[in-house]
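Enquirer: This is the structure I want to talk about, given as structure tokens.
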Amino acid sequence: MRSSNLTRVLADAHPEYRIGSLSQDNCRERAVRGRLRDILPRNDSSFQILLSGVSTEGRRLPLIRFGSGPIRLLLWSQMHGDESTATLALMDMLSFFARGGLAKAGMGSLAERCSLYMIPILNPDGAEVQTRHTAAGIDMNRDARRCVTPEARFLRNVHRIIHPSFGFNLHDQELSTVGNSSNLTAIALLAPAAEERRRVSASRKRAMQVASVMASSLKPLAEGRIGSYNDAFEPRAFGDMMQSWGTSTVLVESGHWVNDPGKEKIRLLNFVGLLSAIESIASGSFRKAGLKAYSDLQENGKRAYGVVVRGATVVHGPSFRIKADIGFQLERLKGRVIARIREVGDLRDFGAMLSIKGGKVIVNSSKVRIGDAVQINKLNKMLGTNLAW
């Protein structure tokens, strides 16, 4: 099946297999574990929970296998607790596998050619309180060398046990644009370097080819919104270390989409991109992909804000009155989303998750200053809007 056809088939199929009871708001260990019980069929040898690790605070880290083929793939998500988009897509994929989606999509031989090993949520303690770090305050993706956290040791031991040929390191990234454009980056891809010189080894080349497949498969759904991630070598990061261990690893960073605070569009792109990549590995077609679709990707840029109010009236004192744009950066603070004012001026070349016409908005610059944090309810009052994040 040609990649463009498969893209359409998978995109059309996603609503049927999407697990509606899971979202960014409730993607925690207990909810994921409950959905796994619902999804995974009993007495089906295609599925198996092989072993479980234990987090710092005692939460379970399940390793799920699907398929029985000789090509082994390892996919892990949410090693940063507040990055759940790909976790949702992995759960949708498990639903797809369990409910006959492969056969309907013409991918029936995948389970005979591949064994997929999936860790849906690697940092459940961080997920519980919506923070990047583990309960011990450690960034797990800077613990690949020492593995002092139980979560990092679990991932390293899984790698040693299964010796995967391919790996998918799944994250969410901060708000970015494709290069210097105003297009929000929806997905950023990287075949990470395995050492300081960033040479293209045979393992890394395979990862680049798979990333090319993903870029090509996502183009019909997000043309101009697929970027690349910086490939500076980081010896403490798991993606870089996996590459150095001989596992062809692709980093997938989930970005943002206009007017989609729940990141449902990005969830769909993960579902389509990952399944397209896995199918290309199962069939061997990735070897014909070339590198151009990957090498042509522009690196993440920083020309976007969470909210931009366009053409607001800014006043200062009795005589100063101008039209200007206002850029707000969205942040999570103690479980609440706040908007912080980052720039006032000409932002016509900047993208935004949400653009608001500011014709009726009047801002007094003596009362609202750069760097001020505004709660969403106060921002709504200021703008006359009804934003909900």
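By order in the structure tokens, chains are A, B, ...; within a chain, residues start at 1; ligands start at 1, following the order shown.
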Could you give me, as a ChimeraX atom specification, the residues within 6 Å of segment 376-384 of chain A, counting only C-alpha atoms and dropping anything in the same chain fewer than 2 positions from it?

Expert: /A:338,361,386

Enquirer: Leaving out segment 316-328 of chain A and any residue of its chain fewer than 2 positions from it, which residues lie within 9 Å of it when counting only C-alpha atoms, given as number ranges by chain?

Expert: A: 304-314, 330, 339-348, 350, 352, 358-359, 363-366

Enquirer: Give me every strand (DSSP E or B) residue in segment 85-254 of chain A, going by DSSP on the backbone, as a PyMOL selection string.

Expert: chain A and resi 114-119+166-172+177-178+184+187-190+226-228+248-254

Enquirer: Determine the nearest neighbour of Ala222 of chain A from the options A:Pro70, A:Gly255, A:Gly100, A:Gly290, counting only C-alpha atoms.

Expert: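 Among A:Pro70, A:Gly255, A:Gly100, A:Gly290, it is A:Gly255 that comes nearest to Ala222 of chain A.
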
Enquirer: Segment 3-92 of chain A: which residues are alpha helix (DSSP H) by DSSP, as a ChimeraX atom specification?

Expert: /A:3-17,29-39,85-92

Enquirer: Could the residues in this selection be saved with C-alpha atoms as a PDB file, in the first residue's frame?

Expert:
```
ATOM      1  CA  SER A   3       2.139   5.708   1.975  1.00  0.00           C
ATOM      2  CA  SER A   4      -0.415   8.335   0.890  1.00  0.00           C
ATOM      3  CA  ASN A   5      -3.142   5.687   0.705  1.00  0.00           C
ATOM      4  CA  LEU A   6      -2.161   4.290   4.098  1.00  0.00           C
ATOM      5  CA  THR A   7      -2.223   7.790   5.572  1.00  0.00           C
ATOM      6  CA  ARG A   8      -5.823   8.254   4.460  1.00  0.00           C
ATOM      7  CA  VAL A   9      -6.861   4.799   5.673  1.00  0.00           C
ATOM      8  CA  LEU A  10      -5.325   5.316   9.117  1.00  0.00           C
ATOM      9  CA  ALA A  11      -6.605   8.876   9.506  1.00  0.00           C
ATOM     10  CA  ASP A  12     -10.128   7.748   8.621  1.00  0.00           C
ATOM     11  CA  ALA A  13      -9.868   4.792  11.003  1.00  0.00           C
ATOM     12  CA  HIS A  14      -8.613   6.711  14.031  1.00  0.00           C
ATOM     13  CA  PRO A  15     -12.005   7.953  15.323  1.00  0.00           C
ATOM     14  CA  GLU A  16     -13.224   4.340  15.484  1.00  0.00           C
ATOM     15  CA  TYR A  17     -10.319   3.196  17.657  1.00  0.00           C
ATOM     16  CA  GLU A  29      -1.348   5.638  35.728  1.00  0.00           C
ATOM     17  CA  ARG A  30      -4.652   4.463  37.192  1.00  0.00           C
ATOM     18  CA  ALA A  31      -6.688   5.524  34.146  1.00  0.00           C
ATOM     19  CA  VAL A  32      -4.162   4.012  31.728  1.00  0.00           C
ATOM     20  CA  ARG A  33      -4.058   0.755  33.684  1.00  0.00           C
ATOM     21  CA  GLY A  34      -7.853   0.597  33.696  1.00  0.00           C
ATOM     22  CA  ARG A  35      -8.057   1.113  29.938  1.00  0.00           C
ATOM     23  CA  LEU A  36      -5.392  -1.535  29.378  1.00  0.00           C
ATOM     24  CA  ARG A  37      -7.609  -4.036  31.208  1.00  0.00           C
ATOM     25  CA  ASP A  38     -10.476  -3.057  28.911  1.00  0.00           C
ATOM     26  CA  ILE A  39      -8.438  -3.097  25.691  1.00  0.00           C
ATOM     27  CA  THR A  85       0.066  13.092  23.811  1.00  0.00           C
ATOM     28  CA  ALA A  86       1.921  10.043  22.509  1.00  0.00           C
ATOM     29  CA  THR A  87       0.657   7.953  25.445  1.00  0.00           C
ATOM     30  CA  LEU A  88      -2.865   8.593  24.207  1.00  0.00           C
ATOM     31  CA  ALA A  89      -1.826   7.614  20.678  1.00  0.00           C
ATOM     32  CA  LEU A  90      -0.203   4.386  21.924  1.00  0.00           C
ATOM     33  CA  MET A  91      -3.406   3.481  23.717  1.00  0.00           C
ATOM     34  CA  ASP A  92      -5.372   4.172  20.529  1.00  0.00           C
TER      35      ASP A  92
END
```

Enquirer: Select from segment 115-174 of chain A every residue with an atom at most 7 Å from any atom of segment 230-252 of chain A, then for each give the shortest pair of atoms and their distance in Å to one decimal, using only C-alpha atoms, rows by chain and rising number, as a Markdown table.

Expert:
```
| residue | atom | partner | partner_atom | distance |
| --- | --- | --- | --- | --- |
| A:Asn141 | CA | A:Ala237 | CA | 4.8 |
| A:Arg142 | CA | A:Arg236 | CA | 4.5 |
| A:Asp143 | CA | A:Arg236 | CA | 5.6 |
| A:Ala144 | CA | A:Arg236 | CA | 5.0 |
| A:Arg145 | CA | A:Arg236 | CA | 5.3 |
| A:Pro164 | CA | A:Thr247 | CA | 6.1 |
| A:Ser165 | CA | A:Thr247 | CA | 4.9 |
| A:Phe166 | CA | A:Ser248 | CA | 4.6 |
| A:Gly167 | CA | A:Thr249 | CA | 4.4 |
| A:Phe168 | CA | A:Val250 | CA | 5.0 |
| A:Asn169 | CA | A:Leu251 | CA | 4.7 |
| A:Leu170 | CA | A:Val252 | CA | 5.0 |
| A:His171 | CA | A:Val252 | CA | 6.1 |
```

Enquirer: Keeping only N, CA and C atoms, write those residues as a short mmCIF file (atom, residue, chain, number, x, y, z; two decimals), in the first residue's frame.

Expert:
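The result, stored in again05.cif:
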```
data_model
loop_
_atom_site.label_atom_id
_atom_site.label_comp_id
_atom_site.auth_asym_id
_atom_site.auth_seq_id
_atom_site.Cartn_x
_atom_site.Cartn_y
_atom_site.Cartn_z
N ASN A 141 15.23 11.79 31.45
CA ASN A 141 15.93 11.81 30.17
C ASN A 141 17.32 12.41 30.28
N ARG A 142 17.78 12.62 31.50
CA ARG A 142 19.17 12.94 31.76
C ARG A 142 19.77 11.92 32.73
N ASP A 143 19.17 10.72 32.71
CA ASP A 143 19.59 9.65 33.64
C ASP A 143 19.94 8.37 32.89
N ALA A 144 20.20 8.48 31.58
CA ALA A 144 20.48 7.27 30.80
C ALA A 144 21.85 6.69 31.10
N ARG A 145 22.77 7.52 31.59
CA ARG A 145 24.13 7.06 31.84
C ARG A 145 24.24 6.40 33.22
N PRO A 164 16.10 -4.40 21.01
CA PRO A 164 15.27 -3.95 19.87
C PRO A 164 16.12 -3.44 18.71
N SER A 165 15.63 -3.69 17.51
CA SER A 165 16.29 -3.14 16.32
C SER A 165 15.92 -1.68 16.11
N PHE A 166 14.70 -1.32 16.53
CA PHE A 166 14.21 0.04 16.33
C PHE A 166 13.59 0.55 17.64
N GLY A 167 13.73 1.85 17.86
CA GLY A 167 13.15 2.48 19.04
C GLY A 167 12.43 3.76 18.68
N PHE A 168 11.37 4.07 19.43
CA PHE A 168 10.62 5.31 19.26
C PHE A 168 10.52 5.99 20.62
N ASN A 169 11.16 7.13 20.73
CA ASN A 169 11.25 7.90 21.96
C ASN A 169 10.24 9.04 21.86
N LEU A 170 9.17 8.98 22.64
CA LEU A 170 7.97 9.79 22.40
C LEU A 170 7.80 10.87 23.47
N HIS A 171 7.74 12.13 23.01
CA HIS A 171 7.70 13.28 23.91
C HIS A 171 6.69 14.31 23.42
#
```

Enquirer: Please determine, counting only C-alpha atoms, which residue among A:Arg204, A:Leu63, A:Gly58, A:Phe271 has the shortest atom-to-atom distance to Ile161 of chain A.

Expert: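 When distances to Ile161 of chain A are compared using only C-alpha atoms, the smallest one comes from A:Leu63.
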
Enquirer: Can you work out which one of A:Ala135, A:Val368, A:Ile278, A:Ala98 has the shortest atom-to-atom distance to Arg42 of chain A, counting only C-alpha atoms?

Expert: A:Ala98

Enquirer: Report, in Å with one decimal, the straight-line distance from atom CA of Ser276 of chain A to atom CA of Gly108 of chain A.

Expert: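 Interatomic distance, atom CA of Ser276 of chain A to atom CA of Gly108 of chain A: 13.3 Å.
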
Enquirer: If you count only C-alpha atoms, which residues fall within 12 Å of Ala293 of chain A, apart from same-chain ones fewer than 2 positions away, as a PyMOL selection string?

Expert: chain A and resi 189+208-219+223+226-228+286+288-291+295-298

Enquirer: Just the selected residues (C-alpha atoms), exported as a CSV table (one decimal), in the first residue's frame, please.

Expert:
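Heads up, here's the output in selection.csv:
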```
chain,number,residue,atom,x,y,z
A,189,LEU,CA,11.3,14.4,14.2
A,208,MET,CA,16.7,8.6,9.3
A,209,GLN,CA,14.9,6.5,6.7
A,210,VAL,CA,12.1,5.7,9.2
A,211,ALA,CA,11.8,9.4,10.0
A,212,SER,CA,11.6,10.1,6.3
A,213,VAL,CA,8.7,7.6,6.1
A,214,MET,CA,6.9,9.4,9.0
A,215,ALA,CA,7.5,12.8,7.4
A,216,SER,CA,6.1,11.6,4.1
A,217,SER,CA,3.1,9.9,5.7
A,218,LEU,CA,2.2,13.0,7.7
A,219,LYS,CA,2.6,15.5,4.8
A,223,GLU,CA,2.1,19.9,5.2
A,226,ILE,CA,6.5,19.0,10.3
A,227,GLY,CA,9.9,20.1,11.7
A,228,SER,CA,13.1,18.6,13.0
A,286,PHE,CA,11.7,2.1,4.7
A,288,LYS,CA,13.6,2.6,-0.2
A,289,ALA,CA,12.5,5.8,1.5
A,290,GLY,CA,15.7,7.8,1.0
A,291,LEU,CA,16.6,10.6,3.3
A,295,SER,CA,16.8,16.1,5.6
A,296,ASP,CA,14.5,18.7,4.1
A,297,LEU,CA,12.8,19.3,7.4
A,298,GLN,CA,13.4,22.7,9.0
```

Enquirer: Out of A:Gly301, A:Gly81, A:Gly371, A:Gly351, which residue has the shortest atom-to-atom distance to Gln130 of chain A when counting only C-alpha atoms?

Expert: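 Looking at the shortest contact to Gln130 of chain A, the residue is A:Gly81.
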
Enquirer: Quick one: residues within 7 Å of Leu184 of chain A, only C-alpha atoms counted, chain neighbours fewer than 3 positions away excluded, as a ChimeraX atom specification?

Expert: /A:176-178,225,256-257,351

Enquirer: Dump N, CA and C atoms for the selected residues as an mmCIF file, in the first residue's frame?

Expert:
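This went into part10.cif:
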```cif
data_model
loop_
_atom_site.group_PDB
_atom_site.id
_atom_site.type_symbol
_atom_site.label_atom_id
_atom_site.label_comp_id
_atom_site.auth_asym_id
_atom_site.auth_seq_id
_atom_site.Cartn_x
_atom_site.Cartn_y
_atom_site.Cartn_z
ATOM 1 N N SER A 176 6.609 25.701 19.349
ATOM 2 C CA SER A 176 7.662 26.006 18.391
ATOM 3 C C SER A 176 7.041 26.232 17.019
ATOM 4 N N THR A 177 7.855 26.787 16.136
ATOM 5 C CA THR A 177 7.436 26.976 14.753
ATOM 6 C C THR A 177 8.378 26.215 13.830
ATOM 7 N N VAL A 178 7.934 25.996 12.608
ATOM 8 C CA VAL A 178 8.774 25.342 11.611
ATOM 9 C C VAL A 178 9.757 26.380 11.080
ATOM 10 N N ARG A 225 4.013 21.781 8.518
ATOM 11 C CA ARG A 225 3.959 21.822 9.981
ATOM 12 C C ARG A 225 4.748 20.675 10.627
ATOM 13 N N HIS A 256 2.071 21.381 18.524
ATOM 14 C CA HIS A 256 0.800 22.068 18.758
ATOM 15 C C HIS A 256 0.072 22.324 17.447
ATOM 16 N N TRP A 257 -1.214 22.605 17.579
ATOM 17 C CA TRP A 257 -2.069 22.905 16.435
ATOM 18 C C TRP A 257 -2.981 24.058 16.827
ATOM 19 N N GLY A 351 3.189 33.122 14.791
ATOM 20 C CA GLY A 351 2.035 32.243 14.871
ATOM 21 C C GLY A 351 1.494 32.187 16.288
#
```

Enquirer: Go through A:Ile121, A:Ala188, A:Arg287, A:Glu128 one by one, measure the shortest atom-to-atom distance of each to Ala202 of chain A using only C-alpha atoms, and give the residue with the smallest value.

Expert: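 Residue with the minimum atom-to-atom distance to Ala202 of chain A: A:Arg287.
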
Enquirer: What's around Pro62 of chain A at 7 Å? Count only C-alpha atoms, leave out sequence neighbours fewer than 3 positions away in its own chain, and write the answer as a list in words.

Expert: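 Once the nearby chain positions are removed, what remains is Ile49, Leu51, Ser52, Gly53 and Ile119 of chain A.
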
Enquirer: Got time to write the residues from that selection, C-alpha atoms, as a PDB file, in the first residue's frame?

Expert:
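Output below, filename selection03.pdb:
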```pdb
ATOM      1  CA  ILE A  49       2.151  -7.959  29.661  1.00  0.00           C
ATOM      2  CA  LEU A  51       6.796  -7.624  33.274  1.00  0.00           C
ATOM      3  CA  SER A  52       6.240  -4.521  35.340  1.00  0.00           C
ATOM      4  CA  GLY A  53       8.668  -2.119  36.883  1.00  0.00           C
ATOM      5  CA  ILE A 119       5.751   1.271  27.730  1.00  0.00           C
TER       6      ILE A 119
END
```

Enquirer: Could you state the separation of atom CA of Leu155 of chain A and atom CA of Met118 of chain A in Å, given to one decimal place?

Expert: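 Distance between the two atoms: 10.6 Å.
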